[in-house]
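**Student:** Sharing input_30.txt here; it has compact mmCIF, C-alpha atoms.
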```txt
# COMPACT_ATOMS: atom_id res chain seq x y z
CA MET A 17 -30.22 -8.55 -33.46
CA GLN A 18 -32.50 -10.25 -30.92
CA LYS A 19 -35.54 -8.17 -30.08
CA ILE A 20 -35.64 -6.86 -26.53
CA GLU A 21 -39.04 -7.16 -24.86
CA SER A 22 -38.34 -6.20 -21.26
CA MET A 23 -36.06 -4.32 -18.97
CA ASN A 24 -35.45 -4.71 -15.25
CA LEU A 25 -34.74 -1.68 -13.08
CA LYS A 26 -34.04 -1.54 -9.39
CA PHE A 27 -32.38 0.78 -6.92
CA ILE A 28 -29.45 -0.47 -4.88
CA ILE A 29 -27.12 0.99 -2.27
CA ARG A 30 -23.32 1.02 -2.21
CA LYS A 31 -22.46 -0.41 1.20
CA ASN A 32 -18.73 -0.24 0.44
CA ARG A 33 -18.99 3.54 0.31
CA ILE A 34 -20.69 4.13 3.63
CA VAL A 35 -19.71 7.40 5.33
CA ASN A 36 -21.04 8.21 8.80
CA GLY A 37 -23.81 5.65 8.34
CA VAL A 38 -24.96 7.15 5.01
CA VAL A 39 -24.72 5.29 1.67
CA PRO A 40 -25.24 6.44 -1.95
CA ILE A 41 -28.17 5.06 -3.97
CA GLN A 42 -27.63 3.76 -7.49
CA MET A 43 -29.97 2.73 -10.28
CA GLN A 44 -29.26 -0.69 -11.77
CA ILE A 45 -30.74 -1.43 -15.20
CA THR A 46 -30.56 -4.88 -16.78
CA ILE A 47 -31.23 -5.42 -20.48
CA ASP A 48 -30.53 -8.75 -22.13
CA SER A 49 -28.30 -9.80 -19.18
CA GLU A 50 -26.20 -6.63 -19.51
CA ARG A 51 -26.20 -4.32 -16.52
CA ILE A 52 -25.65 -0.61 -16.47
CA PHE A 53 -25.50 1.66 -13.45
CA PHE A 54 -26.37 5.29 -12.82
CA THR A 55 -25.78 7.41 -9.79
CA THR A 56 -29.05 8.90 -8.57
CA GLY A 57 -27.36 11.66 -6.61
CA GLN A 58 -29.38 10.51 -3.56
CA LYS A 59 -28.18 9.11 -0.24
CA ILE A 60 -29.84 7.28 2.63
CA GLU A 61 -29.05 6.11 6.15
CA LEU A 62 -28.23 2.41 5.98
CA GLU A 63 -30.87 1.42 8.54
CA ASN A 64 -33.58 3.25 6.55
CA TRP A 65 -33.15 1.21 3.37
CA ASP A 66 -35.16 -1.86 2.37
CA GLU A 67 -32.97 -3.88 -0.01
CA LYS A 68 -35.83 -6.13 -1.09
CA LEU A 69 -38.12 -3.26 -2.03
CA GLY A 70 -35.33 -1.03 -3.26
CA ARG A 71 -36.84 1.93 -1.42
CA ALA A 72 -36.39 3.96 1.75
CA ILE A 73 -38.51 2.98 4.74
CA GLY A 74 -40.02 5.38 7.22
CA LYS A 75 -42.77 8.00 7.48
CA THR A 76 -40.76 11.21 7.69
CA PRO A 77 -41.21 13.90 5.01
CA LYS A 78 -37.57 13.36 3.98
CA ILE A 79 -38.16 9.63 3.32
CA LYS A 80 -41.38 10.38 1.44
CA ILE A 81 -39.68 12.90 -0.87
CA LEU A 82 -36.77 10.52 -1.51
CA ASN A 83 -39.09 7.70 -2.57
CA GLU A 84 -41.00 10.08 -4.84
CA ILE A 85 -37.71 11.03 -6.54
CA LEU A 86 -36.84 7.37 -7.07
CA ASP A 87 -40.34 6.62 -8.40
CA LYS A 88 -40.04 9.47 -10.90
CA MET A 89 -36.64 8.20 -12.07
CA ASN A 90 -38.16 4.75 -12.54
CA VAL A 91 -41.03 6.16 -14.61
CA ASP A 92 -38.67 8.29 -16.74
CA VAL A 93 -36.45 5.33 -17.57
CA GLN A 94 -39.41 3.07 -18.35
CA ARG A 95 -40.89 5.75 -20.60
CA THR A 96 -37.59 6.19 -22.47
CA PHE A 97 -37.26 2.44 -22.89
CA ASN A 98 -40.82 2.08 -24.23
CA GLU A 99 -40.36 4.99 -26.63
CA MET A 100 -37.23 3.37 -28.07
CA LYS A 101 -39.09 0.08 -28.54
CA HIS A 102 -42.05 1.86 -30.18
CA LEU A 103 -39.72 3.60 -32.65
CA ASN A 104 -37.90 0.31 -33.35
CA GLU A 105 -34.64 1.84 -32.16
CA ASP A 106 -31.67 -0.15 -30.90
CA VAL A 107 -32.64 -0.97 -27.31
CA SER A 108 -29.25 -2.17 -26.12
CA SER A 109 -27.94 -1.08 -22.76
CA GLU A 110 -25.53 1.30 -24.50
CA ALA A 111 -28.30 2.90 -26.56
CA LEU A 112 -30.47 3.40 -23.48
CA ARG A 113 -27.51 4.82 -21.60
CA LYS A 114 -26.97 7.43 -24.32
CA LYS A 115 -30.63 8.44 -24.13
CA LEU A 116 -30.46 8.80 -20.39
CA ILE A 117 -27.26 10.82 -20.55
CA GLY A 118 -29.12 13.49 -22.45
CA GLU A 119 -31.82 13.67 -19.77
CA ASP A 120 -29.79 13.30 -16.57
CA LYS A 121 -26.52 14.77 -17.88
CA VAL A 122 -24.56 11.90 -16.36
CA SER A 123 -20.88 12.12 -17.33
CA LEU A 124 -19.55 8.97 -18.99
CA LYS A 125 -15.92 8.33 -19.69
CA LYS A 126 -14.20 6.45 -22.46
CA LEU A 127 -10.94 4.61 -21.84
CA PHE A 128 -8.49 6.76 -23.81
CA GLU A 129 -10.30 9.87 -22.59
CA LEU A 130 -9.91 8.53 -19.05
CA SER A 131 -6.16 8.10 -19.60
CA GLN A 132 -5.90 11.75 -20.65
CA VAL A 133 -7.74 12.86 -17.52
CA PHE A 134 -5.56 10.60 -15.36
CA ASN A 135 -2.35 11.91 -16.95
CA THR A 136 -3.41 15.52 -16.47
CA HIS A 137 -4.20 14.74 -12.85
CA SER A 138 -0.83 13.00 -12.43
CA SER A 139 1.08 15.90 -13.98
CA LYS A 140 0.17 17.99 -10.93
CA LEU A 141 1.93 15.42 -8.72
CA ILE A 142 5.30 15.71 -10.47
CA GLY A 143 7.88 16.44 -7.80
CA ILE A 144 5.41 15.42 -5.08
CA GLU A 145 4.58 11.75 -5.66
CA ILE A 146 6.05 11.03 -9.10
CA ASN A 147 8.93 12.34 -11.20
CA GLN A 148 8.99 13.71 -14.74
CA HIS A 149 10.35 10.46 -16.16
CA THR A 150 7.43 8.45 -14.74
CA TRP A 151 4.90 10.90 -16.15
CA GLU A 152 6.52 10.71 -19.60
CA ARG A 153 6.03 6.95 -19.45
CA TYR A 154 2.35 7.47 -18.61
CA LYS A 155 1.95 9.31 -21.91
CA ALA A 156 3.53 6.40 -23.77
CA TYR A 157 1.25 3.90 -21.99
CA SER A 158 -1.79 6.00 -22.85
CA GLN A 159 -0.86 6.17 -26.52
CA LYS A 160 -0.41 2.40 -26.68
CA ILE A 161 -3.95 1.90 -25.34
CA SER A 162 -5.27 4.24 -28.03
CA GLU A 163 -3.43 2.28 -30.73
CA PHE A 164 -4.81 -1.01 -29.43
CA ILE A 165 -8.40 0.27 -29.43
CA LYS A 166 -8.07 1.47 -33.03
CA ILE A 167 -6.45 -1.72 -34.27
CA ASN A 168 -8.47 -4.33 -32.37
CA LEU A 169 -11.83 -2.62 -31.89
CA LYS A 170 -11.77 -0.55 -35.10
CA GLN A 171 -12.93 2.58 -33.26
CA ASP A 172 -11.37 5.70 -31.78
CA ASP A 173 -12.31 4.99 -28.18
CA VAL A 174 -14.46 2.70 -26.01
CA TYR A 175 -16.69 3.45 -23.04
CA ILE A 176 -15.24 2.00 -19.86
CA HIS A 177 -18.58 0.42 -18.95
CA GLN A 178 -18.35 -1.59 -22.21
CA LEU A 179 -15.02 -3.12 -21.25
CA LYS A 180 -14.92 -6.83 -20.56
CA TYR A 181 -12.24 -8.94 -18.91
CA SER A 182 -11.23 -10.18 -22.37
CA PHE A 183 -10.01 -6.65 -23.19
CA ILE A 184 -6.98 -6.92 -20.91
CA VAL A 185 -6.28 -10.50 -22.04
CA GLU A 186 -6.21 -9.38 -25.67
CA TYR A 187 -4.22 -6.24 -24.79
CA GLU A 188 -1.45 -8.30 -23.16
CA PHE A 189 -1.41 -10.60 -26.20
CA TYR A 190 -1.15 -7.54 -28.47
CA LEU A 191 1.81 -6.17 -26.50
CA LYS A 192 3.57 -9.53 -26.73
CA THR A 193 2.92 -10.37 -30.39
CA VAL A 194 2.48 -7.07 -32.22
CA VAL A 195 4.45 -4.54 -30.18
CA LYS A 196 6.90 -7.26 -29.09
CA ILE A 197 8.14 -5.68 -25.90
CA HIS A 198 9.84 -7.39 -22.96
CA GLN A 199 7.68 -9.15 -20.39
CA ASN A 200 8.73 -6.78 -17.60
CA THR A 201 7.78 -3.79 -19.73
CA ILE A 202 4.40 -5.39 -20.42
CA VAL A 203 3.90 -5.56 -16.64
CA LYS A 204 4.22 -1.77 -16.49
CA TYR A 205 1.67 -1.26 -19.30
CA ILE A 206 -0.82 -3.56 -17.55
CA ARG A 207 -0.29 -1.85 -14.19
CA TYR A 208 -1.04 1.48 -15.83
CA LEU A 209 -4.32 0.11 -17.24
CA ASN A 210 -5.27 -1.07 -13.75
CA ARG A 211 -4.44 2.36 -12.34
CA LEU A 212 -6.81 3.89 -14.86
CA MET A 213 -9.64 1.61 -13.78
CA GLU A 214 -9.01 2.27 -10.08
CA PHE A 215 -9.02 5.98 -10.88
CA ALA A 216 -12.39 5.55 -12.64
CA VAL A 217 -13.84 3.63 -9.69
CA ASN A 218 -12.65 6.26 -7.21
CA HIS A 219 -14.35 8.98 -9.29
CA GLU A 220 -17.53 6.89 -9.68
CA TRP A 221 -17.14 6.57 -13.44
CA ALA A 222 -16.98 2.79 -13.15
CA GLU A 223 -18.73 0.32 -10.88
CA LYS A 224 -15.59 -1.72 -10.28
CA ASN A 225 -12.17 -2.52 -11.73
CA ILE A 226 -12.94 -5.60 -13.79
CA PHE A 227 -9.21 -6.12 -14.41
CA GLN A 228 -8.15 -6.31 -10.76
CA ASN A 229 -7.73 -10.10 -10.78
CA PHE A 230 -5.62 -10.18 -13.94
CA LYS A 231 -2.11 -11.33 -13.06
CA VAL A 232 1.08 -10.56 -14.95
CA THR A 233 4.37 -11.98 -13.75
CA VAL A 234 7.70 -10.23 -13.69
CA LYS A 235 10.33 -12.24 -15.53
CA GLU A 236 13.64 -12.42 -13.71
CA SER A 237 16.06 -10.91 -16.20
CA LYS A 238 19.73 -11.76 -16.50
CA ARG A 239 21.87 -9.06 -14.91
CA GLU A 240 25.15 -8.82 -16.81
CA TYR A 241 28.12 -7.53 -14.83
CA LEU A 242 31.89 -7.48 -15.10
CA THR A 243 34.05 -9.80 -13.08
CA SER A 244 36.84 -8.36 -10.98
CA GLU A 245 39.37 -9.46 -13.63
CA GLU A 246 37.39 -7.83 -16.46
CA LEU A 247 37.01 -4.57 -14.54
CA GLN A 248 40.73 -4.49 -13.75
CA ARG A 249 41.53 -5.11 -17.41
CA ILE A 250 39.55 -2.00 -18.38
CA ILE A 251 41.15 0.11 -15.63
CA GLU A 252 44.70 -0.88 -16.59
CA LYS A 253 44.27 -0.68 -20.37
CA ASP A 254 46.58 1.91 -21.94
CA ILE A 255 44.28 4.06 -24.09
CA LYS A 256 45.70 6.81 -26.32
CA ILE A 257 42.39 8.23 -27.64
CA ASN A 258 41.08 11.00 -25.34
CA ARG A 259 37.47 10.29 -26.25
CA LEU A 260 37.76 6.66 -25.13
CA GLN A 261 39.76 7.64 -22.04
CA GLU A 262 36.88 9.82 -20.89
CA VAL A 263 34.32 7.11 -21.64
CA ARG A 264 36.40 4.52 -19.76
CA ASP A 265 36.72 6.84 -16.74
CA CYS A 266 32.97 7.63 -16.64
CA PHE A 267 32.22 3.91 -16.85
CA VAL A 268 34.72 2.97 -14.13
CA PHE A 269 33.35 5.77 -11.91
CA CYS A 270 29.89 4.18 -12.15
CA CYS A 271 31.38 0.75 -11.42
CA PHE A 272 32.62 2.12 -8.08
CA THR A 273 29.56 4.23 -7.19
CA GLY A 274 26.61 2.37 -8.71
CA TYR A 275 25.09 5.42 -10.38
CA ALA A 276 22.94 4.98 -13.48
CA TYR A 277 23.68 7.23 -16.45
CA LYS A 278 21.09 9.91 -15.67
CA ASP A 279 22.16 10.19 -12.05
CA ALA A 280 25.89 10.28 -12.84
CA ALA A 281 25.37 12.92 -15.56
CA GLU A 282 23.72 15.28 -13.04
CA LEU A 283 26.37 15.02 -10.31
CA THR A 284 27.99 18.31 -9.31
CA PRO A 285 30.80 19.19 -6.86
CA GLY A 286 28.03 20.23 -4.46
CA HIS A 287 26.97 16.62 -4.10
CA ILE A 288 30.29 15.72 -2.46
CA VAL A 289 30.21 16.01 1.34
CA THR A 290 32.28 14.82 4.27
CA GLY A 291 30.45 12.02 6.07
CA ILE A 292 30.34 11.25 9.79
CA ASP A 293 33.30 8.94 9.21
CA GLY A 294 35.41 11.89 8.01
CA LYS A 295 35.55 10.51 4.46
CA LYS A 296 34.13 11.84 1.20
CA TRP A 297 30.63 10.77 0.20
CA ILE A 298 28.17 11.62 -2.56
CA TYR A 299 24.77 12.60 -1.18
CA THR A 300 21.98 12.60 -3.76
CA SER A 301 18.74 10.88 -4.80
CA ARG A 302 17.99 8.70 -7.82
CA GLN A 303 16.04 10.39 -10.62
CA LYS A 304 14.15 7.17 -11.36
CA THR A 305 12.72 6.66 -7.86
CA ASP A 306 13.65 9.85 -5.97
CA ASN A 307 15.07 7.57 -3.25
CA VAL A 308 18.11 8.74 -1.31
CA SER A 309 21.33 7.22 -2.67
CA ASN A 310 24.29 8.14 -0.47
CA VAL A 311 27.54 6.49 -1.55
CA PRO A 312 31.00 6.60 0.09
CA LEU A 313 33.64 7.46 -2.52
CA LEU A 314 36.13 4.66 -3.03
CA GLU A 315 39.63 5.65 -4.13
CA PRO A 316 39.21 4.84 -7.88
CA ALA A 317 36.13 7.11 -8.02
CA LEU A 318 37.92 9.89 -6.12
CA GLU A 319 40.87 9.73 -8.51
CA ILE A 320 38.56 10.13 -11.50
CA ILE A 321 36.83 13.15 -9.90
CA ARG A 322 40.21 14.80 -9.26
CA LYS A 323 41.34 14.04 -12.82
CA TYR A 324 38.45 16.01 -14.35
CA GLU A 325 38.22 18.94 -11.92
CA ASP A 326 39.52 21.37 -14.55
CA HIS A 327 38.00 19.70 -17.62
CA PRO A 328 36.19 22.31 -19.81
CA ILE A 329 32.88 20.40 -19.81
CA CYS A 330 32.98 19.93 -16.04
CA SER A 331 33.91 23.58 -15.42
CA ASN A 332 31.35 25.06 -17.82
CA LYS A 333 28.45 22.82 -16.78
CA ASN A 334 29.37 22.46 -13.10
CA ARG A 335 29.56 18.68 -13.34
CA LEU A 336 31.82 16.02 -11.82
CA LEU A 337 32.28 14.09 -15.07
CA PRO A 338 32.56 14.92 -18.80
CA MET A 339 29.50 12.81 -19.64
CA LYS A 340 28.38 12.57 -23.24
CA SER A 341 24.88 11.52 -24.29
CA ASN A 342 23.82 8.05 -23.20
CA GLN A 343 23.61 6.96 -26.84
CA LYS A 344 27.16 8.10 -27.59
CA LEU A 345 28.54 6.61 -24.39
CA ASN A 346 27.01 3.21 -25.12
CA SER A 347 28.34 3.37 -28.68
CA TYR A 348 31.85 4.20 -27.49
CA LEU A 349 31.65 1.51 -24.80
CA LYS A 350 31.37 -1.07 -27.59
CA GLU A 351 34.71 0.20 -28.91
CA LEU A 352 36.16 0.05 -25.41
CA ALA A 353 34.92 -3.52 -24.98
CA ASP A 354 36.58 -4.56 -28.24
CA ILE A 355 40.01 -3.17 -27.38
CA CYS A 356 39.81 -4.63 -23.85
CA GLY A 357 38.70 -8.05 -25.04
CA ILE A 358 35.33 -7.90 -23.24
CA THR A 359 32.62 -9.95 -24.95
CA LYS A 360 29.74 -8.89 -22.69
CA PRO A 361 27.30 -6.20 -23.93
CA MET A 362 28.98 -3.11 -22.45
CA THR A 363 26.48 -0.38 -21.49
CA MET A 364 26.41 2.23 -18.75
CA HIS A 365 23.90 0.12 -16.85
CA ILE A 366 26.28 -2.85 -16.68
CA ALA A 367 28.48 -0.56 -14.53
CA ARG A 368 25.67 -0.31 -11.96
CA HIS A 369 25.31 -4.10 -11.91
CA THR A 370 29.09 -4.44 -11.52
CA PHE A 371 29.05 -2.14 -8.49
CA ALA A 372 26.30 -4.19 -6.85
CA THR A 373 27.84 -7.60 -7.52
CA THR A 374 31.61 -7.47 -8.05
CA VAL A 375 32.41 -4.44 -5.88
CA LEU A 376 29.91 -4.80 -3.02
CA LEU A 377 28.19 -8.16 -2.55
CA ALA A 378 31.12 -10.32 -3.67
CA ASN A 379 33.28 -8.55 -1.08
CA GLY A 380 30.94 -9.16 1.83
CA VAL A 381 28.99 -5.88 1.93
CA SER A 382 25.55 -6.57 3.42
CA MET A 383 22.40 -6.66 1.32
CA GLU A 384 20.94 -3.82 3.41
CA ALA A 385 23.94 -1.52 2.85
CA THR A 386 24.00 -2.40 -0.87
CA SER A 387 20.30 -1.58 -1.17
CA LYS A 388 20.85 1.80 0.50
CA MET A 389 23.72 2.77 -1.81
CA LEU A 390 21.80 1.69 -4.90
CA GLY A 391 18.79 3.76 -3.81
CA HIS A 392 16.40 0.84 -4.15
CA SER A 393 12.80 1.22 -2.94
CA SER A 394 12.74 -2.38 -1.73
CA ILE A 395 15.44 -4.80 -0.67
CA LYS A 396 13.70 -7.38 -2.91
CA THR A 397 15.13 -5.50 -5.88
CA THR A 398 18.63 -5.79 -4.42
CA GLN A 399 18.22 -9.49 -3.75
CA ILE A 400 18.16 -10.08 -7.51
CA TYR A 401 21.86 -9.17 -7.53
CA GLY A 402 22.55 -11.40 -4.54
CA LYS A 403 21.31 -14.48 -6.40
CA ILE A 404 24.05 -14.22 -9.00
CA VAL A 405 27.04 -13.75 -6.74
CA GLU A 406 28.04 -17.40 -6.47
CA SER A 407 31.54 -16.54 -5.27
CA ARG A 408 30.09 -14.96 -2.16
CA VAL A 409 27.93 -18.01 -1.45
CA SER A 410 30.98 -20.26 -1.84
CA SER A 411 33.09 -18.08 0.45
CA GLU A 412 30.43 -17.94 3.14
CA MET A 413 29.97 -21.72 3.05
CA ASP A 414 33.74 -22.19 3.41
CA ASN A 415 33.70 -19.93 6.46
CA LEU A 416 30.75 -21.88 7.87
CA SER A 417 32.51 -25.20 7.28
CA ASN A 418 35.69 -23.97 9.02
CA LYS A 419 33.61 -22.72 11.94
CA LEU A 420 31.58 -25.91 12.38
CA PHE A 421 34.34 -28.41 11.60
CA PRO A 422 37.64 -26.67 12.48
CA SER A 423 39.63 -29.87 13.02
CA LYS A 424 38.02 -32.15 10.44
CA LYS A 425 39.76 -32.78 7.15
CA ILE A 426 37.60 -34.69 4.71
CA ASP A 427 39.52 -36.48 1.99
CA LEU A 428 37.06 -36.98 -0.85
CA ASP A 429 39.62 -38.95 -2.83
CA LYS A 430 40.09 -41.52 -0.06
CA LYS A 431 38.28 -44.72 -0.94
CA ALA A 432 36.00 -46.33 1.61
CA ASN A 433 37.28 -49.65 2.95
```
Turn this file's structure into structure tokens for me.

**Tutor:**
Amino acid sequence: MQKIESMNLKFIIRKNRIVNGVVPIQMQITIDSERIFFTTGQKIELENWDEKLGRAIGKTPKIKILNEILDKMNVDVQRTFNEMKHLNEDVSSEALRKKLIGEDKVSLKKLFELSQVFNTHSSKLIGIEINQHTWERYKAYSQKISEFIKINLKQDDVYIHQLKYSFIVEYEFYLKTVVKIHQNTIVKYIRYLNRLMEFAVNHEWAEKNIFQNFKVTVKESKREYLTSEELQRIIEKDIKINRLQEVRDCFVFCCFTGYAYKDAAELTPGHIVTGIDGKKWIYTSRQKTDNVSNVPLLEPALEIIRKYEDHPICSNKNRLLPMKSNQKLNSYLKELADICGITKPMTMHIARHTFATTVLLANGVSMEATSKMLGHSSIKTTQIYGKIVESRVSSEMDNLSNKLFPSKKIDLDKKAN
């Protein structure tokens, strides 16, 4: 290890944290080009600070006492540094930091430890800003960070001030090559890591979020959905097995309402109301986003609700549908697909995509209305469905052509003279 001969210390102010003209003072220590920062616990009016000198200016008793405090801190740090050199100790920035922690009792945070603090903090926001499902994901994200630190850094945890930009680069690579998760899931893991760093900055445990400029792109995934012909084939299929009848009906219900499995499984008769149009609607909110998702009940969905009004599961659990577990439903849907001659990967979520594309957008329902019924947070999410409804694009262009050129008949087969 290269021997350290000198250390540079200066006091700086945090102009980005000015409140009523007052800014906090920090100690900046540089050893071997590595910087570490400590809060001094002192504050100063912006106009009373000399950045070049790193001291307060003025002749008031308050200014005099403040400068004496800063001078003493400077002496204490220099003395600690010199003692470490004299004893031939490791004089890295981290080693000095540890020494100073013992004297000033400054609280340092490690990354996995920070994630635990963040998750505990977030748990108090369940039902206010986040839902239970989101918080459960936070725990999974936190655990993945812990695994990465142990595998790549060969240690249990790492101080956040030791983190370099390369950490997030290597973490993304780890998620892609070792964990092998989908690109869009990786985006969520990276966003969580950024949230941790912002949380640390806001609590003054980190100088800045060194990962803030790291970009991860969302990959546009293929949204499978059933065509109108495929959906009709499932509806009209004569099924003798009660188990598959129920699965088919639950699936078709979601094709005509757009509900995801979790939302459909929680529907009760109390969610059905009469709308301002005098027709039956389902008023609820999505578990995933807590966004309102009010859907008018089309006749196929109403028929299914009536069919299962007296079903034992629906009666005992106060539910609209006899929903089985998501795992069982998806397993049975594979059977249903086989007997109906459907080659697409049948899952409960394909029903939601079918509602958005085949039932709504392909039949001229506006993007805004579709977004509302799906309970999307942003219409950008809904526009993903719009891109794949080619039949609607074709129909709208035909209407445009008829409107612009009502009397023109273009014969493409006619040869030019």

**Student:** Adding 8 Å on each side of the box along x, y and z that holds all listed atoms of segment 127-146 of chain A, could you give its centre and edge lengths in Å to one decimal, as AutoDock Vina command-line options?

**Tutor:**
```
--center_x -1.5 --center_y 11.3 --center_z -14.4 --size_x 34.8 --size_y 29.4 --size_z 34.7
```

**Student:** Which is closer to Lys224 of chain A than all the others in A:Leu212, A:Ile257, A:Leu390, A:Val263, using only C-alpha atoms?

**Tutor:**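 Of the candidates, the smallest distance to Lys224 of chain A is held by A:Leu212.
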
**Student:** Report, in Å with one decimal, the straight-line distance from atom CA of Val375 of chain A to atom CA of Ser244 of chain A.

**Tutor:** 7.8 Å

**Student:** What's around Glu246 of chain A at 10 Å? Count all atoms listed in the file, leave out sequence neighbours fewer than 3 positions away in its own chain, and write the answer as a compact mmCIF listing (two decimals) with C-alpha atoms, keeping the file's coordinate frame.

**Tutor:**
```txt
# COMPACT_ATOMS: atom_id res chain seq x y z
CA TYR A 241 28.12 -7.53 -14.83
CA LEU A 242 31.89 -7.48 -15.10
CA THR A 243 34.05 -9.80 -13.08
CA ARG A 249 41.53 -5.11 -17.41
CA ILE A 250 39.55 -2.00 -18.38
CA ILE A 251 41.15 0.11 -15.63
CA ALA A 353 34.92 -3.52 -24.98
CA CYS A 356 39.81 -4.63 -23.85
CA GLY A 357 38.70 -8.05 -25.04
CA ILE A 358 35.33 -7.90 -23.24
CA THR A 359 32.62 -9.95 -24.95
CA LYS A 360 29.74 -8.89 -22.69
```

**Student:** The residues within 7 Å of (33.4, 9.8, -18.5), using all atoms listed in the file and the coordinates of the file, should be reported as a PyMOL selection string; which are they?

**Tutor:** chain A and resi 262-267+337-339

**Student:** In Å, rounded to a single decimal, give me how far atom CA of Thr201 of chain A is from atom CA of Ser347 of chain A.

**Tutor:**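 Separation between atom CA of Ser347 of chain A and atom CA of Thr201 of chain A: 23.5 Å.
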
**Student:** What's the 8 Å shell around Lys126 of chain A, counting all atoms listed in the file, without same-chain residues fewer than 2 positions away, as a tab-separated table (two decimals) with C-alpha atoms, in the coordinates of the input?

**Tutor:**
```tsv
chain	number	residue	atom	x	y	z
A	124	LEU	CA	-19.55	8.97	-18.99
A	128	PHE	CA	-8.49	6.76	-23.81
A	129	GLU	CA	-10.30	9.87	-22.59
A	130	LEU	CA	-9.91	8.53	-19.05
A	173	ASP	CA	-12.31	4.99	-28.18
A	174	VAL	CA	-14.46	2.70	-26.01
A	175	TYR	CA	-16.69	3.45	-23.04
A	176	ILE	CA	-15.24	2.00	-19.86
```

**Student:** Between A:Val232, A:Ala385, A:Val39, A:Ile320, which has the minimum distance to Lys204 of chain A (counting all atoms listed in the file)?

**Tutor:**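 Answer, going by the shortest atom-to-atom distance: A:Val232.
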
**Student:** With distances taken over all atoms listed in the file, which of A:Ile41, A:Leu416, A:Ile184, A:Met100 is nearest to Ala72 of chain A?

**Tutor:**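 Smallest distance to Ala72 of chain A is found for A:Ile41.
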